[in-house]
Amino acid sequence: MIDQPDALMLKKLYILPSHQNRGIGTFLLRRLIERADAGAQAILLRVLRVNPARQLYERNGFRIDRSSEERYFMSYSAQASEMDSSRQA
(Lines give C-alpha, C1' and ligand atoms only; values in the text may rest on other atoms or scores of the structure.)
Protein backbone atom coordinates (compact mmCIF):
# COMPACT_ATOMS: atom_id res chain seq x y z
CA MET A 1 0.00 0.00 0.00
CA ILE A 2 1.19 3.49 -0.81
CA ASP A 3 -0.10 6.32 1.37
CA GLN A 4 -0.66 9.53 -0.61
CA PRO A 5 -2.20 12.77 0.73
CA ASP A 6 -5.57 12.24 -0.93
CA ALA A 7 -5.68 8.49 -1.50
CA LEU A 8 -4.32 5.12 -0.47
CA MET A 9 -2.97 3.02 -3.34
CA LEU A 10 -3.48 -0.70 -2.83
CA LYS A 11 -0.62 -2.17 -4.85
CA LYS A 12 -0.82 -5.85 -3.90
CA LEU A 13 -3.11 -8.09 -1.89
CA TYR A 14 -2.14 -11.71 -2.33
CA ILE A 15 -3.67 -14.62 -0.44
CA LEU A 16 -2.21 -18.07 -1.05
CA PRO A 17 -4.71 -20.26 -2.91
CA SER A 18 -4.78 -22.69 0.01
CA HIS A 19 -5.93 -19.84 2.28
CA GLN A 20 -8.45 -18.18 -0.02
CA ASN A 21 -12.19 -18.13 0.70
CA ARG A 22 -11.61 -18.01 4.46
CA GLY A 23 -12.30 -14.31 4.99
CA ILE A 24 -8.65 -13.26 5.16
CA GLY A 25 -8.86 -10.92 2.16
CA THR A 26 -12.10 -9.40 3.45
CA PHE A 27 -10.56 -8.87 6.90
CA LEU A 28 -7.49 -7.12 5.46
CA LEU A 29 -9.52 -5.05 3.02
CA ARG A 30 -11.92 -3.88 5.75
CA ARG A 31 -8.97 -2.74 7.91
CA LEU A 32 -7.74 -0.69 4.95
CA ILE A 33 -11.23 0.75 4.42
CA GLU A 34 -11.39 1.75 8.09
CA ARG A 35 -8.08 3.56 7.71
CA ALA A 36 -9.27 5.33 4.57
CA ASP A 37 -12.56 6.32 6.19
CA ALA A 38 -10.76 7.72 9.26
CA GLY A 39 -8.52 9.85 7.06
CA ALA A 40 -11.25 10.77 4.54
CA GLN A 41 -9.13 9.21 1.81
CA ALA A 42 -10.08 7.25 -1.28
CA ILE A 43 -8.54 3.85 -2.05
CA LEU A 44 -7.32 3.18 -5.58
CA LEU A 45 -6.35 -0.16 -7.09
CA ARG A 46 -6.08 -2.06 -10.32
CA VAL A 47 -6.98 -5.68 -10.87
CA LEU A 48 -6.68 -8.01 -13.84
CA ARG A 49 -9.98 -8.55 -15.63
CA VAL A 50 -9.64 -12.32 -15.14
CA ASN A 51 -8.98 -12.03 -11.39
CA PRO A 52 -11.97 -13.14 -9.30
CA ALA A 53 -10.77 -10.76 -6.52
CA ARG A 54 -12.73 -8.06 -8.37
CA GLN A 55 -15.86 -9.49 -6.74
CA LEU A 56 -14.27 -9.06 -3.30
CA TYR A 57 -13.57 -5.41 -4.05
CA GLU A 58 -17.08 -4.78 -5.37
CA ARG A 59 -18.67 -6.44 -2.32
CA ASN A 60 -16.73 -4.00 -0.17
CA GLY A 61 -17.81 -0.83 -1.97
CA PHE A 62 -15.28 -0.45 -4.77
CA ARG A 63 -16.44 0.79 -8.16
CA ILE A 64 -14.86 0.38 -11.59
CA ASP A 65 -13.71 3.81 -12.78
CA ARG A 66 -12.21 2.73 -16.08
CA SER A 67 -10.78 -0.31 -17.78
CA SER A 68 -8.21 -1.42 -20.29
CA GLU A 69 -8.00 -4.65 -22.25
CA GLU A 70 -6.23 -6.29 -19.31
CA ARG A 71 -7.30 -4.46 -16.14
CA TYR A 72 -10.01 -2.73 -14.19
CA PHE A 73 -9.06 0.46 -12.36
CA MET A 74 -11.19 0.67 -9.25
CA SER A 75 -11.74 3.06 -6.38
CA TYR A 76 -13.38 3.21 -2.99
CA SER A 77 -14.71 6.50 -1.72
CA ALA A 78 -15.48 7.11 1.94
CA GLN A 79 -18.23 9.51 0.86
CA ALA A 80 -19.86 6.85 -1.32
CA SER A 81 -19.75 4.45 1.61
CA GLU A 82 -21.55 6.97 3.84
CA MET A 83 -24.24 7.51 1.18
CA ASP A 84 -24.80 3.75 0.83
CA SER A 85 -25.19 3.48 4.63
CA SER A 86 -27.69 6.32 4.80
CA ARG A 87 -29.81 4.77 2.05
CA GLN A 88 -30.01 1.49 3.97
CA ALA A 89 -31.05 3.20 7.23
# chains A, B, ... in the order shown; residues from 1 in each chain; ligands from 1

$ residues_around --residues "Leu10 of chain A" --least-positions-apart "6" --cutoff "10 Å" --atoms "only C-alpha atoms" --output "list in words"
Met1, Ile2, Asp3, Leu29, Leu32, Ile43, Leu44, Leu45, Arg46 and Ser75 of chain A

$ write_last_selection --atoms "N, CA and C atoms" --output "mmCIF file, in the first residue's frame"
data_model
loop_
_atom_site.group_PDB
_atom_site.id
_atom_site.type_symbol
_atom_site.label_atom_id
_atom_site.label_comp_id
_atom_site.auth_asym_id
_atom_site.auth_seq_id
_atom_site.Cartn_x
_atom_site.Cartn_y
_atom_site.Cartn_z
ATOM 1 N N MET A 1 0.841 -1.158 0.000
ATOM 2 C CA MET A 1 0.000 0.000 0.000
ATOM 3 C C MET A 1 0.890 1.226 0.000
ATOM 4 N N ILE A 2 0.481 2.222 -0.765
ATOM 5 C CA ILE A 2 1.194 3.493 -0.810
ATOM 6 C C ILE A 2 0.248 4.559 -0.282
ATOM 7 N N ASP A 3 0.701 5.285 0.725
ATOM 8 C CA ASP A 3 -0.100 6.323 1.367
ATOM 9 C C ASP A 3 0.210 7.659 0.710
ATOM 10 N N LEU A 29 -8.948 -6.142 3.785
ATOM 11 C CA LEU A 29 -9.521 -5.046 3.019
ATOM 12 C C LEU A 29 -10.359 -4.137 3.916
ATOM 13 N N LEU A 32 -8.175 -1.775 5.818
ATOM 14 C CA LEU A 32 -7.735 -0.690 4.947
ATOM 15 C C LEU A 32 -8.850 0.330 4.740
ATOM 16 N N ILE A 43 -9.460 4.967 -1.808
ATOM 17 C CA ILE A 43 -8.545 3.853 -2.053
ATOM 18 C C ILE A 43 -8.585 3.583 -3.553
ATOM 19 N N LEU A 44 -7.427 3.463 -4.149
ATOM 20 C CA LEU A 44 -7.320 3.177 -5.575
ATOM 21 C C LEU A 44 -6.595 1.857 -5.761
ATOM 22 N N LEU A 45 -7.016 1.094 -6.768
ATOM 23 C CA LEU A 45 -6.346 -0.162 -7.086
ATOM 24 C C LEU A 45 -6.586 -0.512 -8.537
ATOM 25 N N ARG A 46 -5.832 -1.483 -9.000
ATOM 26 C CA ARG A 46 -6.075 -2.057 -10.324
ATOM 27 C C ARG A 46 -6.049 -3.564 -10.172
ATOM 28 N N SER A 75 -11.932 2.158 -7.506
ATOM 29 C CA SER A 75 -11.737 3.063 -6.377
ATOM 30 C C SER A 75 -12.829 2.845 -5.338
#

$ select_by_dssp --residues "chain A" --states "alpha helix (DSSP H)" --output "number ranges by chain"
A: 24-38, 53-59, 78-88

$ residues_around --residues "Arg49 of chain A" --least-positions-apart "4" --cutoff "7 Å" --atoms "only C-alpha atoms" --output "list in words"
Glu70, Arg71 and Tyr72 of chain A

$ select_by_dssp --residues "chain A" --states "strand (DSSP E or B)" --output "ChimeraX atom specification"
/A:2-3,7-9,42-48,63-67,71-76

$ closest_residue --among "A:Gln55, A:Asn60, A:Gln41, A:Gln20" --to "Ala78 of chain A" --atoms "only C-alpha atoms"
A:Gln41

$ residues_around --residues "Gly39 of chain A" --least-positions-apart "2" --cutoff "10 Å" --atoms "only C-alpha atoms" --output "VMD selection string"
chain A and resid 5 to 8 33 to 37 41 to 42 78

$ write_last_selection --atoms "N, CA, C and O atoms" --output "JSON list (two decimals), in the first residue's frame"
[["chain", "number", "residue", "atom", "x", "y", "z"],
["A", 5, "PRO", "N", -1.38, 11.81, -0.02],
["A", 5, "PRO", "CA", -2.20, 12.77, 0.73],
["A", 5, "PRO", "C", -3.70, 12.60, 0.54],
["A", 5, "PRO", "O", -4.46, 12.71, 1.49],
["A", 6, "ASP", "N", -4.14, 12.30, -0.67],
["A", 6, "ASP", "CA", -5.57, 12.24, -0.93],
["A", 6, "ASP", "C", -6.10, 10.84, -1.17],
["A", 6, "ASP", "O", -7.30, 10.64, -1.31],
["A", 7, "ALA", "N", -5.22, 9.85, -1.21],
["A", 7, "ALA", "CA", -5.68, 8.49, -1.50],
["A", 7, "ALA", "C", -4.66, 7.46, -1.01],
["A", 7, "ALA", "O", -3.48, 7.75, -0.86],
["A", 8, "LEU", "N", -5.17, 6.27, -0.76],
["A", 8, "LEU", "CA", -4.32, 5.12, -0.47],
["A", 8, "LEU", "C", -4.29, 4.28, -1.74],
["A", 8, "LEU", "O", -5.33, 4.04, -2.35],
["A", 33, "ILE", "N", -10.07, -0.14, 4.58],
["A", 33, "ILE", "CA", -11.23, 0.75, 4.42],
["A", 33, "ILE", "C", -11.42, 1.59, 5.68],
["A", 33, "ILE", "O", -11.69, 2.79, 5.59],
["A", 34, "GLU", "N", -11.27, 0.99, 6.84],
["A", 34, "GLU", "CA", -11.39, 1.75, 8.09],
["A", 34, "GLU", "C", -10.34, 2.86, 8.15],
["A", 34, "GLU", "O", -10.64, 3.99, 8.56],
["A", 35, "ARG", "N", -9.15, 2.55, 7.73],
["A", 35, "ARG", "CA", -8.08, 3.56, 7.71],
["A", 35, "ARG", "C", -8.41, 4.68, 6.74],
["A", 35, "ARG", "O", -8.23, 5.86, 7.05],
["A", 36, "ALA", "N", -8.91, 4.32, 5.57],
["A", 36, "ALA", "CA", -9.27, 5.33, 4.57],
["A", 36, "ALA", "C", -10.42, 6.20, 5.06],
["A", 36, "ALA", "O", -10.40, 7.42, 4.92],
["A", 37, "ASP", "N", -11.42, 5.57, 5.66],
["A", 37, "ASP", "CA", -12.56, 6.32, 6.19],
["A", 37, "ASP", "C", -12.12, 7.30, 7.28],
["A", 37, "ASP", "O", -12.55, 8.45, 7.31],
["A", 41, "GLN", "N", -9.90, 9.47, 3.01],
["A", 41, "GLN", "CA", -9.13, 9.21, 1.81],
["A", 41, "GLN", "C", -9.85, 8.19, 0.94],
["A", 41, "GLN", "O", -10.56, 7.32, 1.44],
["A", 42, "ALA", "N", -9.60, 8.27, -0.35],
["A", 42, "ALA", "CA", -10.08, 7.25, -1.28],
["A", 42, "ALA", "C", -9.05, 6.11, -1.29],
["A", 42, "ALA", "O", -7.92, 6.26, -0.82],
["A", 78, "ALA", "N", -14.85, 7.07, 0.62],
["A", 78, "ALA", "CA", -15.48, 7.11, 1.94],
["A", 78, "ALA", "C", -16.84, 7.79, 1.85],
["A", 78, "ALA", "O", -17.79, 7.39, 2.50]]

$ atom_distance --atom1 "atom CA of Lys11 of chain A" --atom2 "atom CA of Arg30 of chain A"
15.6 Å

$ closest_residue --among "A:Ile15, A:Ala40, A:Gly23, A:Asn51" --to "Tyr76 of chain A" --atoms "only C-alpha atoms"
A:Ala40
